[in-house]
Structures are given as C-alpha cells and as structure tokens.
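Okay, target23.txt now, which holds compact mmCIF, C-alpha atoms:
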```
# COMPACT_ATOMS: atom_id res chain seq x y z
CA MET A 55 128.43 36.08 91.58
CA PRO A 56 125.21 36.35 89.60
CA VAL A 57 125.28 38.48 86.47
CA VAL A 58 122.32 40.75 85.74
CA THR A 59 121.57 42.47 82.47
CA VAL A 60 118.99 45.24 82.17
CA ARG A 61 118.06 46.25 78.63
CA LEU A 62 115.80 49.18 77.81
CA PHE A 63 114.27 49.99 74.44
CA ALA A 64 112.30 53.22 74.11
CA GLU A 65 110.43 54.96 71.29
CA LEU A 66 108.93 58.41 71.01
CA ASP A 67 106.19 58.58 68.41
CA GLY A 68 107.36 55.33 66.89
CA ARG A 69 110.97 56.39 66.48
CA PRO A 70 113.73 54.81 68.59
CA ILE A 71 115.45 57.26 70.90
CA GLU A 72 119.02 57.96 69.91
CA ASP A 73 121.63 55.78 71.63
CA LEU A 74 119.06 53.22 72.74
CA PRO A 75 118.68 50.41 73.56
CA LEU A 76 120.56 50.76 76.80
CA THR A 77 122.23 47.67 78.11
CA HIS A 78 123.66 47.50 81.62
CA THR A 79 125.38 44.36 82.83
CA TRP A 80 126.81 43.73 86.29
CA ALA A 81 128.05 41.03 88.53
CA ALA A 82 126.90 41.63 92.07
CA PRO A 83 127.04 39.59 95.25
CA SER A 84 123.29 39.24 95.51
CA VAL A 85 120.23 39.40 93.29
CA ARG A 86 116.63 39.19 94.38
CA ALA A 87 113.81 38.54 91.94
CA PHE A 88 110.66 39.36 93.86
CA SER A 89 106.90 39.39 93.65
CA PHE A 90 104.97 40.42 96.71
CA ILE A 91 101.65 41.87 97.76
CA VAL A 92 101.12 45.22 99.40
CA ASP A 93 97.75 45.41 101.11
CA ASP A 94 95.58 48.47 100.83
CA ALA A 95 96.46 50.73 103.77
CA ALA A 96 96.46 54.34 104.82
CA ALA A 97 100.17 54.46 105.65
CA TYR A 98 103.45 53.73 103.94
CA GLN A 99 104.69 50.19 104.39
CA LEU A 100 108.27 49.02 104.37
CA ALA A 101 108.62 47.01 101.20
CA GLU A 102 109.99 43.51 101.21
CA VAL A 103 113.23 42.33 99.54
CA THR A 104 115.36 41.54 102.50
CA ALA A 105 119.02 40.79 102.95
CA LEU A 106 120.38 43.49 100.70
CA ASP A 107 122.44 46.03 102.61
CA THR A 108 123.34 48.21 99.66
CA TRP A 109 121.17 48.34 96.57
CA LEU A 110 122.89 48.88 93.26
CA ALA A 111 119.83 48.52 91.04
CA LEU A 112 116.08 48.23 91.45
CA VAL A 113 113.61 47.52 88.66
CA PHE A 114 109.96 46.94 89.43
CA TYR A 115 106.37 47.47 88.32
CA THR A 116 103.05 47.54 90.10
CA SER A 117 99.61 46.12 89.40
CA GLN A 118 97.80 48.99 91.16
CA ALA A 119 98.36 52.68 91.71
CA ILE A 120 100.89 53.20 94.49
CA THR A 121 103.27 55.85 95.77
CA VAL A 122 106.90 54.94 96.37
CA ARG A 123 109.45 56.60 98.60
CA LEU A 124 113.08 55.78 97.97
CA ASN A 125 116.22 56.01 100.06
CA GLY A 126 114.61 57.14 103.29
CA GLN A 127 112.48 59.81 101.59
CA ASN A 128 109.71 61.11 103.81
CA ASP A 129 107.80 63.55 101.61
CA ALA A 130 105.64 63.32 98.50
CA GLY A 131 107.12 60.20 96.95
CA ILE A 132 106.73 59.01 93.37
CA PRO A 133 103.13 58.22 92.34
CA LEU A 134 102.78 55.34 89.91
CA LYS A 135 99.63 54.29 88.12
CA ALA A 136 98.61 50.67 87.73
CA GLY A 137 101.22 49.12 85.47
CA GLY A 138 103.74 51.84 86.26
CA VAL A 139 107.45 51.12 86.23
CA ILE A 140 110.51 52.41 88.06
CA ALA A 141 114.02 51.38 87.09
CA ILE A 142 117.07 52.68 88.89
CA VAL A 143 120.34 51.31 87.70
CA GLY A 144 123.78 52.26 88.97
CA THR A 145 122.69 53.61 92.32
CA ARG A 146 123.71 53.18 95.92
CA ILE A 147 120.81 52.95 98.31
CA ASP A 148 121.85 51.96 101.78
CA THR A 149 119.45 53.64 104.15
CA TYR A 150 117.57 51.78 106.84
CA THR A 151 114.37 52.19 104.81
CA PRO A 152 115.45 51.73 101.19
CA TRP A 153 111.88 51.91 99.93
CA THR A 154 108.42 52.22 101.32
CA ILE A 155 105.13 51.90 99.48
CA LEU A 156 101.77 53.56 99.99
CA ASN A 157 98.92 51.58 98.51
CA ASN A 158 95.59 53.30 98.98
CA SER A 159 94.16 52.06 95.70
CA GLY A 160 91.48 50.05 97.49
CA GLN A 161 92.91 46.78 96.19
CA ARG A 162 95.94 44.65 96.91
CA ALA A 163 98.91 45.64 94.78
CA ILE A 164 101.36 43.13 93.37
CA ILE A 165 104.90 44.47 93.09
CA ARG A 166 107.17 42.54 90.81
CA GLY A 167 110.79 43.09 89.89
CA VAL A 168 114.47 42.56 90.55
CA ALA A 169 116.87 44.13 93.04
CA LEU A 170 120.62 43.87 92.82
CA GLY A 171 122.99 44.66 95.62
CA SER A 172 125.58 43.69 98.14
CA ILE A 173 125.60 42.21 101.59
CA HIS A 174 128.01 43.60 104.16
CA MET B 421 99.18 67.04 69.54
CA ALA B 422 99.40 63.77 71.42
CA ALA B 423 102.72 62.01 71.74
CA GLY B 424 103.20 58.27 72.06
CA VAL B 425 105.90 56.74 74.21
CA LYS B 426 106.76 53.07 74.34
CA ILE B 427 109.29 51.12 76.37
CA VAL B 428 110.39 47.53 76.39
CA MET B 429 112.42 46.41 79.39
CA GLU B 430 114.26 43.14 79.72
CA VAL B 431 115.99 41.90 82.86
CA GLU B 432 118.16 38.81 82.70
CA ILE B 433 119.76 36.94 85.60
CA ASP B 434 122.65 34.74 84.52
CA GLY B 435 121.36 34.79 80.96
CA ASP B 436 117.77 33.81 81.77
CA MET B 437 114.91 36.27 81.65
CA ALA B 438 113.85 37.27 85.15
CA PRO B 439 110.33 36.25 86.22
CA GLY B 440 107.78 38.76 84.96
CA PHE B 441 110.03 40.17 82.23
CA PRO B 442 110.19 41.41 79.52
CA ILE B 443 107.59 44.11 79.95
CA VAL B 444 106.13 46.41 77.31
CA ARG B 445 104.44 49.68 78.23
CA ARG B 446 102.83 52.41 76.15
CA LEU B 447 101.68 55.90 77.06
CA VAL B 448 99.95 58.70 75.22
CA THR B 449 100.76 62.14 76.57
CA ASP B 450 100.46 65.72 75.38
CA GLU B 451 104.16 66.07 74.82
CA ALA B 452 107.31 63.98 74.80
CA GLN B 453 110.80 65.23 74.22
CA ALA B 454 114.21 63.63 74.18
CA PHE B 455 117.06 65.81 75.37
CA THR B 456 120.78 66.09 75.82
CA TRP B 457 121.51 68.44 78.69
CA PRO B 458 125.09 69.55 79.27
CA TRP B 459 125.54 70.58 82.88
CA ALA B 460 127.03 74.07 83.02
CA LEU B 461 126.91 75.05 86.65
CA ASN B 462 129.61 73.51 88.77
CA ALA B 463 132.30 70.92 88.30
CA THR B 464 132.44 70.03 91.96
CA PRO B 465 130.11 67.90 94.07
CA ASP B 466 127.29 70.09 95.33
CA PRO B 467 124.64 68.01 97.08
CA LEU B 468 122.40 70.94 97.91
CA THR B 469 122.10 72.71 94.53
CA TYR B 470 119.42 71.17 92.34
CA ILE B 471 118.60 72.34 88.83
CA GLU B 472 115.37 71.56 87.04
CA VAL B 473 115.58 69.19 84.13
CA PRO B 474 114.95 71.39 81.08
CA GLY B 475 111.34 71.39 79.96
CA SER B 476 110.15 69.61 83.07
CA GLY B 477 108.30 72.65 84.32
CA SER B 478 107.53 73.80 87.83
CA ALA B 479 105.37 76.32 89.58
CA ALA B 480 107.78 79.05 88.51
CA THR B 481 108.74 78.10 84.98
CA PRO B 482 106.91 77.05 81.83
CA GLY B 483 106.94 73.46 80.80
CA MET B 484 104.93 70.39 81.46
CA ARG B 485 102.24 70.55 84.08
CA ARG B 486 102.55 66.90 84.90
CA ILE B 487 105.25 64.39 84.09
CA ASN B 488 104.09 60.87 83.31
CA ALA B 489 107.41 59.39 82.23
CA PHE B 490 111.07 60.27 82.32
CA LEU B 491 114.45 58.75 81.67
CA LEU B 492 117.70 60.25 82.95
CA ARG B 493 121.12 58.92 81.95
CA PRO B 494 124.02 60.91 83.40
CA THR B 495 127.62 60.60 82.28
CA ASP B 496 128.79 61.41 85.82
CA THR B 497 127.34 60.87 89.25
CA VAL B 498 124.25 62.93 90.11
CA ARG B 499 121.40 62.90 92.57
CA VAL B 500 117.82 63.12 91.34
CA ALA B 501 115.04 64.82 93.30
CA VAL B 502 111.55 63.81 92.20
CA ASN B 503 108.14 65.37 92.78
CA GLY B 504 109.09 68.25 95.03
CA GLN B 505 111.32 66.09 97.19
CA ILE B 506 112.80 68.01 100.08
CA VAL B 507 116.51 68.18 99.50
CA ILE B 508 118.63 67.20 102.44
CA GLU B 509 122.14 65.99 102.00
CA GLY B 510 122.24 62.34 101.04
CA ALA B 511 118.51 61.87 100.55
CA PRO B 512 117.63 62.03 96.85
CA VAL B 513 118.55 58.95 94.90
CA MET B 514 122.06 58.87 93.51
CA ILE B 515 122.69 57.72 89.95
CA GLU B 516 126.29 56.91 89.13
CA ALA B 517 128.07 57.60 85.87
CA GLY B 518 126.51 55.49 83.14
CA GLY B 519 123.50 54.56 85.25
CA MET B 520 119.90 55.48 84.63
CA MET B 521 116.64 56.32 86.32
CA LEU B 522 113.36 55.61 84.59
CA MET B 523 109.81 56.30 85.67
CA PHE B 524 107.04 55.18 83.34
CA ASP B 525 103.32 55.70 83.85
CA GLY B 526 103.63 57.79 86.96
CA GLU B 527 102.28 61.23 87.66
CA LEU B 528 104.50 63.97 89.03
CA GLY B 529 103.05 67.37 89.85
CA PRO B 530 101.32 69.60 89.30
CA GLY B 531 103.26 72.34 90.97
CA GLY B 532 106.56 72.31 92.75
CA THR B 533 109.75 71.19 91.12
CA MET B 534 108.91 67.89 89.54
CA LEU B 535 112.33 66.74 88.42
CA SER B 536 115.72 68.20 89.32
CA VAL B 537 119.34 67.10 89.45
CA ALA B 538 122.42 67.89 91.56
CA ASN B 539 125.93 67.27 90.34
CA MET B 540 127.88 64.94 92.63
CA SER B 541 131.02 64.64 90.52
CA ASN B 542 134.20 66.58 89.88
CA SER B 543 133.28 67.18 86.27
CA LEU B 544 130.45 68.55 84.14
CA PRO B 545 128.02 65.74 83.46
CA THR B 546 125.89 65.45 80.38
CA ILE B 547 122.43 64.11 81.09
CA GLU B 548 120.51 62.43 78.31
CA GLY B 549 117.00 61.15 78.41
CA PHE B 550 113.39 62.03 77.76
CA ILE B 551 110.38 63.42 79.56
CA ALA B 552 106.74 62.98 78.64
CA GLY B 553 103.74 64.60 80.22
CA LYS B 554 100.73 66.82 80.09
CA HIS B 555 100.15 70.51 79.58
CA LEU B 556 97.72 72.56 81.60
CA ALA B 557 94.26 71.04 81.59
CA ALA B 558 91.63 73.43 80.31
CA GLU B 559 90.10 73.82 83.76
CA GLU B 560 93.49 74.73 85.17
CA ILE B 561 94.16 77.65 82.83
CA PRO B 562 93.54 80.80 84.82
CA CYS B 563 90.97 83.25 83.51
CA PRO B 564 92.42 86.58 82.31
```
Output the file's structure as structure tokens, nothing else.
Amino acid sequence: MPVVTVRLFAELDGRPIEDLPLTHTWAAPSVRAFSFIVDDAAAYQLAEVTALDTWLALVFYTSQAITVRLNGQNDAGIPLKAGGVIAIVGTRIDTYTPWTILNNSGQRAIIRGVALGSIH
Amino acid sequence: MAAGVKIVMEVEIDGDMAPGFPIVRRLVTDEAQAFTWPWALNATPDPLTYIEVPGSGSAATPGMRRINAFLLRPTDTVRVAVNGQIVIEGAPVMIEAGGMMLMFDGELGPGGTMLSVANMSNSLPTIEGFIAGKHLAAEEIPCP
C-alpha cells in the first residue's frame, strides 16, 4: 500500500505555532495525485478524482477563486480565493458526492492536490 | 494591528514529494490567534449540537467578522460545520482523533456561524489550532 505523509508548518507573526510542524503518515489502499481543470460555470460541478469510495484525506489548492462543498453539503460551501488551500486529514468522506466545486471566477480554475482513501 | 500568517505544506507519496508540493502561503489579516480549546459540554457523541470555535464570531457573538484561515486539530473525533452549514446528521465533515482540518486563504462570513464543532466521541476532546480573519470593516460598523 502506498504511504502518504502530510507535513504542515505554520507561523503566526513569524513565530512557529506550538506543537507544529504536524506530521501525519498513513498507509492506505489508494492514493490519487490530481490536477484538473474546472471550467467557469454557474453551477456546482462534481469534482474529479475517481475510484475512491471512502476518502481518508484530501489536500488541494486552487488557481482561481472557487467555492467547495464537501461530503454532500448543499448549502453555502467554503469560499476559497485564488491560491487558497484546504487540507482535511483523518476524515471519512463516503457520500455519493464527496466534493463539488463552484467556479464562477470567469476563468478556468486548476485544482491540484492529493486524495487518500480506500476502495470497497 | 495586522497579523501575518504563513504555512508550508508538504505532501509525500512513498517518500517522494507529490506533484505541486511543497506549497508556501502567506496571509495578512486583522487578527490571528492560536488556541487550545478544552471541550466542556458532553462526553458522548452528539451529532446535532455544534459549538462555535472560540473567537470565531457569529451574528450573535463578538469575534471576527470574517475568517480567512483556520486550523483545527482535535484529540478525539469531531464534526466541523463551516460557513453557516446546515447541520443534519452525518453531513458536516468528520475529523478523527489526531486529524486536522485546514483552510487557508478562504473567506467565511460575514454573519451566521462561521466555524463550529460537534463532539462525536465518548470523551472530552481538546481542540487546538488557530483562526485568522478580519474585524468589522469601517462601512459595516453601524451608526449609533
């Protein structure tokens, strides 16, 4: 099984946050490193990254402002600016629509990241 | 006074850096605060009771008007509702003990409950992390 390590360093006003960096390491049945385009559209689109039935981690960033809904969410979502990042580690997302993306930035958005999960 | 927040994130697959990583991001916000939040409400799973992350602010409580970044690291399993998410059982994202949820360079709010947590464990989790965001903009401050 592939082994994935996510490491996060963070500083507030130039000072490292206590107990960081965080390091999470797992072996999981399946890992997907992805980079895909989401066209400008007026509606949420089901994001790519196929063949994962249960997601254990998702780390990604976007080149344009988008809004993300996770785990079948159907309300406001999480707005990200261009360059914005979401990292969810140690989760269990297994809904039919694990994530959808609204890109109404006027430009194509490139979504890049890694998803870790299992296949039933 | 402005507050600077910086993250560096690395993702490795089988010892090799994943394509597109590491990434470095910086933000300047009005306020940033690290916190350690001991849960004091219930030591049983309660998927419908969400409590605001301290300092995160909402329509009803003081705090940040907008959240541009947050990190949550629970010691036990929780669910996290973001940006006024409607809470129905099983919907908000679950973060297991020792996991984390990070948003960086987003914009939650204004109004509503921007960031809240429900305990999904049989113990009292401690949630560590930080939030960074903006205060009321001058044009948003109501006239007396």
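Here the question is which of A:Leu156, A:Ile164, A:Ala105, A:Ile142 gets nearest to chain B using only C-alpha atoms, and that residue is A:Ile142.
Distances to B:Pro465 were evaluated for B:Thr497, B:Ile515, B:Asp436, B:Arg446 using all atoms listed in the file, and the minimum falls at B:Thr497.
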Counting all atoms listed in the file, which residues of chain A fall within 8 Å of chain B, and what is the closest atom pair for each with its distance in Å at one decimal, ordered by chain and rising number, as CSV?
```
residue,atom,partner,partner_atom,distance
A:Pro56,CA,B:Asp434,CA,5.9
A:Val57,CA,B:Asp434,CA,5.0
A:Val58,CA,B:Ile433,CA,4.6
A:Thr59,CA,B:Glu432,CA,5.0
A:Val60,CA,B:Val431,CA,4.5
A:Arg61,CA,B:Glu430,CA,5.0
A:Leu62,CA,B:Met429,CA,4.6
A:Phe63,CA,B:Val428,CA,5.0
A:Ala64,CA,B:Ile427,CA,4.3
A:Glu65,CA,B:Lys426,CA,5.1
A:Leu66,CA,B:Val425,CA,4.7
A:Asp67,CA,B:Gly424,CA,4.7
A:Gly68,CA,B:Gly424,CA,7.3
A:Ile71,CA,B:Ala454,CA,7.3
A:His78,CA,B:Gly519,CA,7.9
A:Ala87,CA,B:Ala438,CA,6.9
A:Leu124,CA,B:Val513,CA,7.0
A:Asn125,CA,B:Ala511,CA,6.3
A:Gly126,CA,B:Ala511,CA,6.7
A:Gln127,CA,B:Ala511,CA,6.5
A:Asp129,CA,B:Gln505,CA,6.2
A:Ala130,CA,B:Gln505,CA,6.5
A:Gly131,CA,B:Asn503,CA,6.7
A:Ile132,CA,B:Asn503,CA,6.5
A:Pro133,CA,B:Gly526,CA,5.4
A:Leu134,CA,B:Gly526,CA,3.9
A:Lys135,CA,B:Gly526,CA,5.4
A:Ala136,CA,B:Asp525,CA,7.9
A:Gly137,CA,B:Asp525,CA,7.1
A:Gly138,CA,B:Asp525,CA,4.6
A:Val139,CA,B:Phe524,CA,5.0
A:Ile140,CA,B:Met523,CA,4.6
A:Ala141,CA,B:Leu522,CA,5.0
A:Ile142,CA,B:Met521,CA,4.5
A:Val143,CA,B:Gly519,CA,5.2
A:Gly144,CA,B:Gly519,CA,4.4
A:Thr145,CA,B:Ile515,CA,4.7
A:Arg146,CA,B:Met514,CA,6.4
A:Ile147,CA,B:Val513,CA,7.3
A:Arg166,CA,B:Gly440,CA,7.0
A:Gly167,CA,B:Gly440,CA,7.2
A:Val168,CA,B:Ala438,CA,7.6
```
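Of note, atom CA of B:Arg485 and atom CA of A:Ala97 are spaced 27.0 Å apart.
Between atom CA of B:Asn462 and atom CA of A:Leu76 the separation is 27.3 Å.
The spacing separating atom CA of A:Asp94 from atom CA of A:Gly160 amounts to 5.5 Å.
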For B:Thr469, work out the shell of residues within 10 Å, counting all atoms listed in the file and skipping chain neighbours fewer than 5 positions away, then give it as a ChimeraX atom specification. /B:461-462,507,536-540
Could you write out that same residue set with C-alpha atoms as a PDB file, in the frame of the given file?
```pdb
ATOM      1  CA  LEU B 461     126.910  75.050  86.650  1.00  0.00           C
ATOM      2  CA  ASN B 462     129.610  73.510  88.770  1.00  0.00           C
ATOM      3  CA  VAL B 507     116.510  68.180  99.500  1.00  0.00           C
ATOM      4  CA  SER B 536     115.720  68.200  89.320  1.00  0.00           C
ATOM      5  CA  VAL B 537     119.340  67.100  89.450  1.00  0.00           C
ATOM      6  CA  ALA B 538     122.420  67.890  91.560  1.00  0.00           C
ATOM      7  CA  ASN B 539     125.930  67.270  90.340  1.00  0.00           C
ATOM      8  CA  MET B 540     127.880  64.940  92.630  1.00  0.00           C
TER       9      MET B 540
END
```
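For the set B:Ser541, B:Ser476, B:Met484, B:Leu468, the residue with the smallest atom-to-atom gap to B:His555 is B:Met484, counting only C-alpha atoms.
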Point out the residue among A:Phe90, A:Tyr150, A:Thr121, A:Val103 with the least atom-to-atom distance to A:Arg162, counting only C-alpha atoms. A:Phe90
